[in-house]
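**Student:** So here's model-v9.tsv (TSV, C-alpha atoms).
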```tsv
chain	number	residue	atom	x	y	z
A	1406	MET	CA	132.82	96.89	101.11
A	1407	ARG	CA	132.39	96.18	104.78
A	1408	ALA	CA	130.63	92.89	105.38
A	1409	ILE	CA	129.74	90.48	108.13
A	1410	ALA	CA	128.88	86.95	107.12
A	1411	LYS	CA	127.54	84.51	109.69
A	1412	LEU	CA	126.81	80.82	109.27
A	1413	LYS	CA	123.99	79.29	111.29
A	1414	ASN	CA	121.99	76.12	110.68
A	1415	GLY	CA	123.35	75.72	107.19
A	1416	ILE	CA	122.45	79.24	106.10
A	1417	THR	CA	124.91	82.07	105.69
A	1418	THR	CA	123.50	85.54	106.35
A	1419	VAL	CA	125.37	88.55	105.05
A	1420	ARG	CA	125.07	92.18	106.04
A	1421	ALA	CA	127.21	94.53	104.02
A	1422	MET	CA	127.71	98.15	103.19
A	1423	ALA	CA	129.39	99.50	100.07
A	1424	HIS	CA	131.18	102.81	100.25
A	1425	HIS	CA	129.71	104.80	97.37
A	1426	PRO	CA	128.12	108.26	96.95
A	1427	MET	CA	125.18	106.93	94.88
A	1428	LEU	CA	124.73	110.39	93.39
A	1429	SER	CA	121.41	110.69	91.58
A	1430	TYR	CA	120.99	112.73	88.40
A	1431	LEU	CA	118.99	115.40	90.22
A	1432	VAL	CA	121.46	115.93	93.03
A	1433	ALA	CA	124.46	115.68	90.68
A	1434	LYS	CA	123.01	118.44	88.51
A	1435	LYS	CA	122.58	120.72	91.51
A	1436	LYS	CA	126.14	120.11	92.61
A	1437	HIS	CA	127.53	120.45	89.06
A	1438	LYS	CA	128.90	116.93	89.23
A	1439	LYS	CA	128.33	113.78	87.21
A	1440	ALA	CA	125.73	111.29	88.40
A	1441	LYS	CA	127.52	108.32	89.93
A	1442	PHE	CA	125.78	105.23	91.25
A	1443	ILE	CA	126.38	101.49	91.44
A	1444	THR	CA	124.57	99.67	88.66
A	1445	HIS	CA	125.53	96.06	89.40
A	1446	LEU	CA	126.45	94.49	92.72
A	1447	THR	CA	127.22	90.81	93.16
A	1448	ALA	CA	128.44	88.38	95.77
A	1449	LYS	CA	129.92	84.99	94.99
A	1450	TYR	CA	130.63	81.96	97.13
A	1451	ASN	CA	132.83	79.21	95.67
A	1452	GLY	CA	132.63	80.91	92.30
A	1453	GLN	CA	128.82	80.74	92.31
A	1454	LEU	CA	126.61	83.80	92.46
A	1455	VAL	CA	124.70	84.11	95.72
A	1456	TYR	CA	123.61	87.73	95.24
A	1457	ASP	CA	122.94	89.60	92.01
A	1458	LEU	CA	121.54	93.11	92.18
A	1459	TYR	CA	120.99	95.57	89.36
A	1460	SER	CA	120.65	98.89	91.09
A	1461	THR	CA	119.85	102.46	90.16
A	1462	GLN	CA	120.38	105.99	91.41
A	1463	PHE	CA	117.57	105.23	93.85
A	1464	LEU	CA	119.58	103.21	96.29
A	1465	SER	CA	120.67	105.22	99.31
A	1466	LYS	CA	124.19	106.56	99.68
A	1467	ASN	CA	126.65	103.96	100.97
A	1468	PRO	CA	124.22	101.17	100.07
A	1469	TYR	CA	123.44	98.75	102.85
A	1470	ILE	CA	122.30	95.29	101.82
A	1471	GLN	CA	121.33	92.11	103.60
A	1472	PHE	CA	120.85	88.68	102.08
A	1473	ALA	CA	121.23	85.00	102.87
A	1474	PHE	CA	122.05	81.82	101.00
A	1475	LYS	CA	122.00	78.11	101.68
A	1476	GLY	CA	125.42	76.72	102.39
A	1477	GLY	CA	128.71	78.20	103.42
A	1478	LYS	CA	131.49	77.07	105.68
A	1479	LYS	CA	133.26	78.92	108.45
A	1480	GLY	CA	136.45	80.48	107.20
A	1481	ASP	CA	135.41	80.41	103.55
A	1482	LYS	CA	135.36	83.66	101.61
A	1483	ILE	CA	132.52	85.55	99.97
A	1484	VAL	CA	133.70	87.77	97.10
A	1485	PHE	CA	131.86	91.03	96.45
A	1486	TYR	CA	131.97	93.00	93.22
A	1487	TRP	CA	130.31	96.20	92.15
A	1488	ILE	CA	130.50	98.39	89.09
A	1489	ASP	CA	128.97	101.81	88.62
A	1490	ASN	CA	127.67	103.88	85.72
A	1491	THR	CA	131.03	105.58	85.23
A	1492	GLY	CA	132.78	102.23	84.83
A	1493	GLU	CA	134.50	102.23	88.20
A	1494	SER	CA	134.44	98.85	89.91
A	1495	LYS	CA	135.61	97.28	93.13
A	1496	THR	CA	136.18	93.78	94.38
A	1497	SER	CA	136.45	92.82	98.03
A	1498	SER	CA	135.90	89.81	100.22
A	1499	ALA	CA	134.76	88.76	103.66
A	1500	LYS	CA	135.19	85.55	105.65
A	1501	ILE	CA	132.25	83.58	106.94
A	1502	ARG	CA	132.27	83.37	110.72
B	1418	MET	CA	122.13	116.04	77.67
B	1419	ASN	CA	118.93	114.11	77.16
B	1420	ARG	CA	118.63	111.82	80.17
B	1421	ARG	CA	117.48	108.86	78.09
B	1422	LYS	CA	120.59	109.14	75.94
B	1423	PHE	CA	122.72	109.46	79.04
B	1424	ILE	CA	121.28	106.27	80.47
B	1425	GLY	CA	121.85	104.58	77.13
B	1426	ILE	CA	125.50	105.55	77.28
B	1427	GLY	CA	125.69	104.40	80.87
B	1428	ALA	CA	124.19	101.05	79.89
B	1429	GLY	CA	126.72	100.81	77.07
B	1430	VAL	CA	129.60	101.45	79.45
B	1431	VAL	CA	128.28	98.84	81.86
B	1432	ALA	CA	127.72	96.38	79.02
B	1433	THR	CA	131.33	96.57	77.81
B	1434	ALA	CA	132.67	96.42	81.33
B	1435	LEU	CA	130.63	93.28	82.02
B	1436	VAL	CA	132.30	91.19	79.31
B	1437	LEU	CA	134.55	89.44	81.87
B	1438	PRO	CA	133.30	85.82	81.85
B	1439	SER	CA	133.62	85.48	85.59
B	1440	GLN	CA	131.09	88.23	86.07
B	1441	LEU	CA	128.44	87.04	83.62
B	1442	SER	CA	125.21	86.40	85.45
B	1443	ALA	CA	122.03	84.59	84.47
B	1444	VAL	CA	120.26	87.60	83.05
B	1445	ASP	CA	122.04	90.90	82.57
B	1446	PHE	CA	119.10	93.20	83.10
B	1447	ARG	CA	120.92	96.36	82.15
B	1448	LYS	CA	121.95	94.95	78.79
B	1449	LYS	CA	118.66	93.28	78.01
B	1450	ASP	CA	116.26	95.80	79.45
B	1451	ALA	CA	117.98	99.18	79.44
B	1452	LYS	CA	114.61	100.70	78.51
B	1453	ALA	CA	112.97	99.42	81.68
B	1454	PHE	CA	115.38	101.49	83.74
B	1455	ALA	CA	114.35	104.66	81.91
B	1456	ASP	CA	110.58	104.27	82.20
B	1457	LYS	CA	108.82	106.80	84.39
B	1458	ASP	CA	105.72	104.81	85.32
B	1459	ILE	CA	105.52	101.36	86.83
B	1460	LYS	CA	103.30	99.83	84.12
B	1461	SER	CA	105.74	100.65	81.30
B	1462	ALA	CA	108.75	99.60	83.34
B	1463	LEU	CA	107.04	96.29	84.10
B	1464	LYS	CA	106.23	95.75	80.42
B	1465	ASP	CA	109.80	96.56	79.39
B	1466	LEU	CA	111.28	94.36	82.09
B	1467	TYR	CA	109.05	91.27	81.92
B	1468	GLY	CA	107.15	91.70	78.68
B	1469	THR	CA	103.80	92.03	80.43
B	1470	ASP	CA	102.17	93.99	83.23
B	1471	ALA	CA	99.75	91.22	84.15
B	1472	THR	CA	100.34	90.42	87.81
B	1473	ILE	CA	98.89	88.23	90.55
B	1474	LYS	CA	98.36	89.91	93.91
B	1475	GLY	CA	100.15	88.28	96.78
B	1476	GLY	CA	102.90	85.71	97.08
B	1477	VAL	CA	105.48	88.35	97.81
B	1478	SER	CA	105.87	90.67	100.76
B	1479	ILE	CA	107.39	94.05	101.54
B	1480	SER	CA	108.38	95.36	104.89
B	1481	ALA	CA	108.82	99.12	104.96
B	1482	PRO	CA	108.11	101.91	107.45
B	1483	ASP	CA	104.64	103.51	107.42
B	1484	ILE	CA	106.30	106.89	107.71
B	1485	ALA	CA	109.79	107.65	106.44
B	1486	GLU	CA	111.30	110.65	108.15
B	1487	ASN	CA	114.09	110.84	105.62
B	1488	GLY	CA	113.20	110.02	102.04
B	1489	ALA	CA	116.88	109.58	101.21
B	1490	VAL	CA	117.16	106.45	103.33
B	1491	VAL	CA	114.09	104.24	103.46
B	1492	PRO	CA	114.90	100.72	104.70
B	1493	ILE	CA	112.85	98.01	103.03
B	1494	THR	CA	112.88	94.23	102.88
B	1495	VAL	CA	111.36	92.31	100.00
B	1496	SER	CA	110.76	88.59	100.14
B	1497	THR	CA	108.77	85.70	98.78
B	1498	ASP	CA	108.20	82.17	100.02
B	1499	LYS	CA	107.64	80.81	96.51
B	1500	ALA	CA	110.08	78.36	95.00
B	1501	ASN	CA	111.69	78.86	91.57
B	1502	VAL	CA	111.86	82.64	91.85
B	1503	LYS	CA	113.82	83.95	88.90
B	1504	SER	CA	113.94	87.60	89.85
B	1505	ILE	CA	112.47	90.24	92.11
B	1506	ALA	CA	111.97	93.85	90.98
B	1507	VAL	CA	111.37	96.88	93.17
B	1508	PHE	CA	109.51	99.92	91.81
B	1509	ILE	CA	108.97	103.23	93.58
B	1510	GLU	CA	105.94	105.35	92.75
B	1511	GLY	CA	106.75	109.02	92.48
B	1512	ASN	CA	110.43	108.65	91.67
B	1513	PRO	CA	111.73	110.18	88.40
B	1514	GLU	CA	112.10	106.63	87.06
B	1515	ALA	CA	109.94	103.83	88.39
B	1516	LEU	CA	112.42	100.94	88.57
B	1517	ALA	CA	114.68	101.10	91.62
B	1518	ALA	CA	116.30	97.68	91.73
B	1519	VAL	CA	116.14	94.21	90.18
B	1520	PHE	CA	117.47	91.09	91.88
B	1521	ASN	CA	118.42	88.02	89.91
B	1522	VAL	CA	117.81	85.12	92.29
B	1523	PRO	CA	120.61	82.54	91.98
B	1524	ALA	CA	120.01	78.89	92.89
B	1525	THR	CA	121.13	78.86	96.53
B	1526	SER	CA	119.98	82.38	97.29
B	1527	ILE	CA	117.14	82.83	99.76
B	1528	PRO	CA	114.70	85.29	98.15
B	1529	LYS	CA	114.65	87.80	100.97
B	1530	TYR	CA	116.59	91.01	100.46
B	1531	ALA	CA	117.00	94.12	102.57
B	1532	LEU	CA	118.09	97.40	101.08
B	1533	ARG	CA	117.77	101.14	101.57
B	1534	VAL	CA	116.14	103.25	98.89
B	1535	LYS	CA	115.44	106.88	98.03
B	1536	MET	CA	111.85	108.04	97.76
B	1537	ARG	CA	111.07	111.44	96.34
B	1538	LYS	CA	107.61	111.66	97.87
B	1539	THR	CA	104.83	109.73	99.53
B	1540	GLY	CA	103.84	106.76	97.42
B	1541	HIS	CA	103.83	103.03	97.06
B	1542	ILE	CA	106.77	100.74	96.94
B	1543	VAL	CA	105.78	97.97	94.53
B	1544	VAL	CA	107.58	94.66	94.45
B	1545	VAL	CA	107.16	92.11	91.67
B	1546	ALA	CA	108.54	88.58	91.76
B	1547	ASN	CA	108.99	86.55	88.60
B	1548	VAL	CA	108.21	82.98	89.59
B	1549	ASP	CA	108.62	80.73	86.56
B	1550	GLY	CA	107.09	83.34	84.29
B	1551	LYS	CA	104.24	84.30	86.63
B	1552	LEU	CA	104.42	87.77	88.15
B	1553	TYR	CA	103.41	88.09	91.79
B	1554	THR	CA	103.08	91.55	93.23
B	1555	ASN	CA	102.48	93.47	96.40
B	1556	LYS	CA	102.74	97.08	97.42
B	1557	LYS	CA	103.11	99.19	100.53
B	1558	LEU	CA	102.31	102.84	101.01
B	1559	VAL	CA	105.11	104.82	102.59
B	1560	LYS	CA	104.54	108.39	103.74
B	1561	VAL	CA	107.60	110.54	103.19
B	1562	THR	CA	108.08	113.68	105.22
B	1563	ILE	CA	111.24	114.96	103.54
B	1564	GLY	CA	111.77	113.88	99.94
B	1565	GLY	CA	114.99	111.99	99.25
B	1566	CYS	CA	115.76	112.50	95.60
B	1567	GLY	CA	117.41	115.83	96.21
B	1568	GLY	CA	114.19	117.71	95.58
```
With the file now loaded, output its structure as structure tokens.

**Tutor:**
Amino acid sequence: MRAIAKLKNGITTVRAMAHHPMLSYLVAKKKHKKAKFITHLTAKYNGQLVYDLYSTQFLSKNPYIQFAFKGGKKGDKIVFYWIDNTGESKTSSAKIR
Amino acid sequence: MNRRKFIGIGAGVVATALVLPSQLSAVDFRKKDAKAFADKDIKSALKDLYGTDATIKGGVSISAPDIAENGAVVPITVSTDKANVKSIAVFIEGNPEALAAVFNVPATSIPKYALRVKMRKTGHIVVVANVDGKLYTNKKLVKVTIGGCGG
């Protein structure tokens, strides 16, 4: 998960992109593959959730997201986590600038 | 395989994988409302997700292009200025299943989210915000030149 997190005026804004095929059922069938898409994507700061998305096959490939939350400190980490319908999951982090 | 069963299995897999306490969130929509994700029309999905399809127009906004050249990547931003937003749901008219995404809104989160979605054909993007039990809604018509669901 590539992410840029910037702190300004007490609000941290995050722009991130997950690397994932987000293969819908229709396209998967045509390609004789299994549908594969992220179903849950979260971001945590200091152990608290700051982003909590339940997604479907209808998010674009390599999902791009943008969100903001109150708080944050330069140098602190935001931890991302996603899991998809096949059970694969990934955790990554980014520092707030 | 019947798609509804497939989704049920998918939800089951996600449910077991989400047992880790550190990942438990306020409302696990996929566990609680697996049906909502399978509904084809917005009204049923809304009923399955929030228990009602009674909505109040306004209070929430969508920014999306008037014309989407590529239905596979339609950038949208959904937001609300209301306080005490519990969740925001995004539905796409014309997609095989109506519900595209649901955001749980944690305490410090600012309820404004940008994402990119797939639209199979021209239709409305409908956003519903659950503010303390009241459902606020808005919609935006997006014309799609090339469908993005692989069709």

**Student:** Between B:Asn1487, B:Thr1554, B:Asn1521, B:Thr1562, single out the one closest to chain A, counting only C-alpha atoms.

**Tutor:**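 The shortest atom-to-atom distance to chain A comes from B:Asn1521.
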
**Student:** Write down, as a PyMOL selection string, each residue of chain A that has any atom within 6 Å of an atom of chain B, counting only C-alpha atoms.

**Tutor:** chain A and resi 1432+1455+1457-1461+1463-1465+1469-1475+1490

**Student:** Could you write those residues out with C-alpha atoms, as a tab-separated table (two decimals), in the coordinates of the input?

**Tutor:**
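The resulting file, out-v7.tsv, is shown below:
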```
chain	number	residue	atom	x	y	z
A	1432	VAL	CA	121.46	115.93	93.03
A	1455	VAL	CA	124.70	84.11	95.72
A	1457	ASP	CA	122.94	89.60	92.01
A	1458	LEU	CA	121.54	93.11	92.18
A	1459	TYR	CA	120.99	95.57	89.36
A	1460	SER	CA	120.65	98.89	91.09
A	1461	THR	CA	119.85	102.46	90.16
A	1463	PHE	CA	117.57	105.23	93.85
A	1464	LEU	CA	119.58	103.21	96.29
A	1465	SER	CA	120.67	105.22	99.31
A	1469	TYR	CA	123.44	98.75	102.85
A	1470	ILE	CA	122.30	95.29	101.82
A	1471	GLN	CA	121.33	92.11	103.60
A	1472	PHE	CA	120.85	88.68	102.08
A	1473	ALA	CA	121.23	85.00	102.87
A	1474	PHE	CA	122.05	81.82	101.00
A	1475	LYS	CA	122.00	78.11	101.68
A	1490	ASN	CA	127.67	103.88	85.72
```

**Student:** Any idea what the distance is between atom CA of B:Ile1459 and atom CA of B:Glu1486?

**Tutor:**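 Going from atom CA of B:Ile1459 over to atom CA of B:Glu1486, I get 24.0 Å.
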
**Student:** Env of A:Gly1476: 7 Å cut, atoms = all atoms listed in the file, seq-sep filter 5 positions within chain, self excluded. Answer as an MDAnalysis selection string.

**Tutor:** chainID A and resid 1415:1417

**Student:** Would you compute the distance between atom CA of A:Tyr1430 and atom CA of B:Leu1466? Give it in Å to one decimal.

**Tutor:** 21.7 Å

**Student:** Rounded to one decimal place, report the atom CA of A:Phe1442-atom CA of A:Asp1489 distance in Å.

**Tutor:**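 These two atoms are separated by 5.4 Å.
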
**Student:** Hey, what's within 9 Å of A:Phe1485 if we count all atoms listed in the file and toss same-chain stuff fewer than 2 positions away? As a list in words, please?

**Tutor:** Met1406, Leu1446, Thr1447, Ala1448, Lys1449, Tyr1456, Ile1483, Trp1487, Lys1495, Thr1496, Ser1497, Ser1498 and Ala1499 of chain A

**Student:** Determine, counting all atoms listed in the file, which protein, DNA and RNA residues have an atom within 9 Å of an atom of stretch 1541-1549 of chain B; residues of the same chain fewer than 3 positions away are not included. Present the result as a PyMOL selection string.

**Tutor:** chain B and resi 1459+1463+1467+1472+1476-1479+1481+1495-1497+1499-1511+1536+1552-1560

**Student:** May I have the centre and edge lengths, in Å to one decimal, of an axis-aligned box around the listed atoms of stretch 1432-1436 of chain A with 3 Å added to every side, as AutoDock Vina command-line options?

**Tutor:**
```
--center_x 123.8 --center_y 118.2 --center_z 90.8 --size_x 10.7 --size_y 11.0 --size_z 10.5
```

**Student:** Which is closest to A:Tyr1450 among A:Ile1501, A:Val1484, A:Leu1412, A:Ala1433, if we use only C-alpha atoms?

**Tutor:**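 Answer, going by the shortest atom-to-atom distance: A:Val1484.
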
**Student:** Give as a ChimeraX atom specification every residue, naming chains and numbers as the document does, that has an atom within 8 Å of (130.4, 109.2, 99.5), counting all atoms listed in the file.

**Tutor:** /A:1424-1427,1466-1467
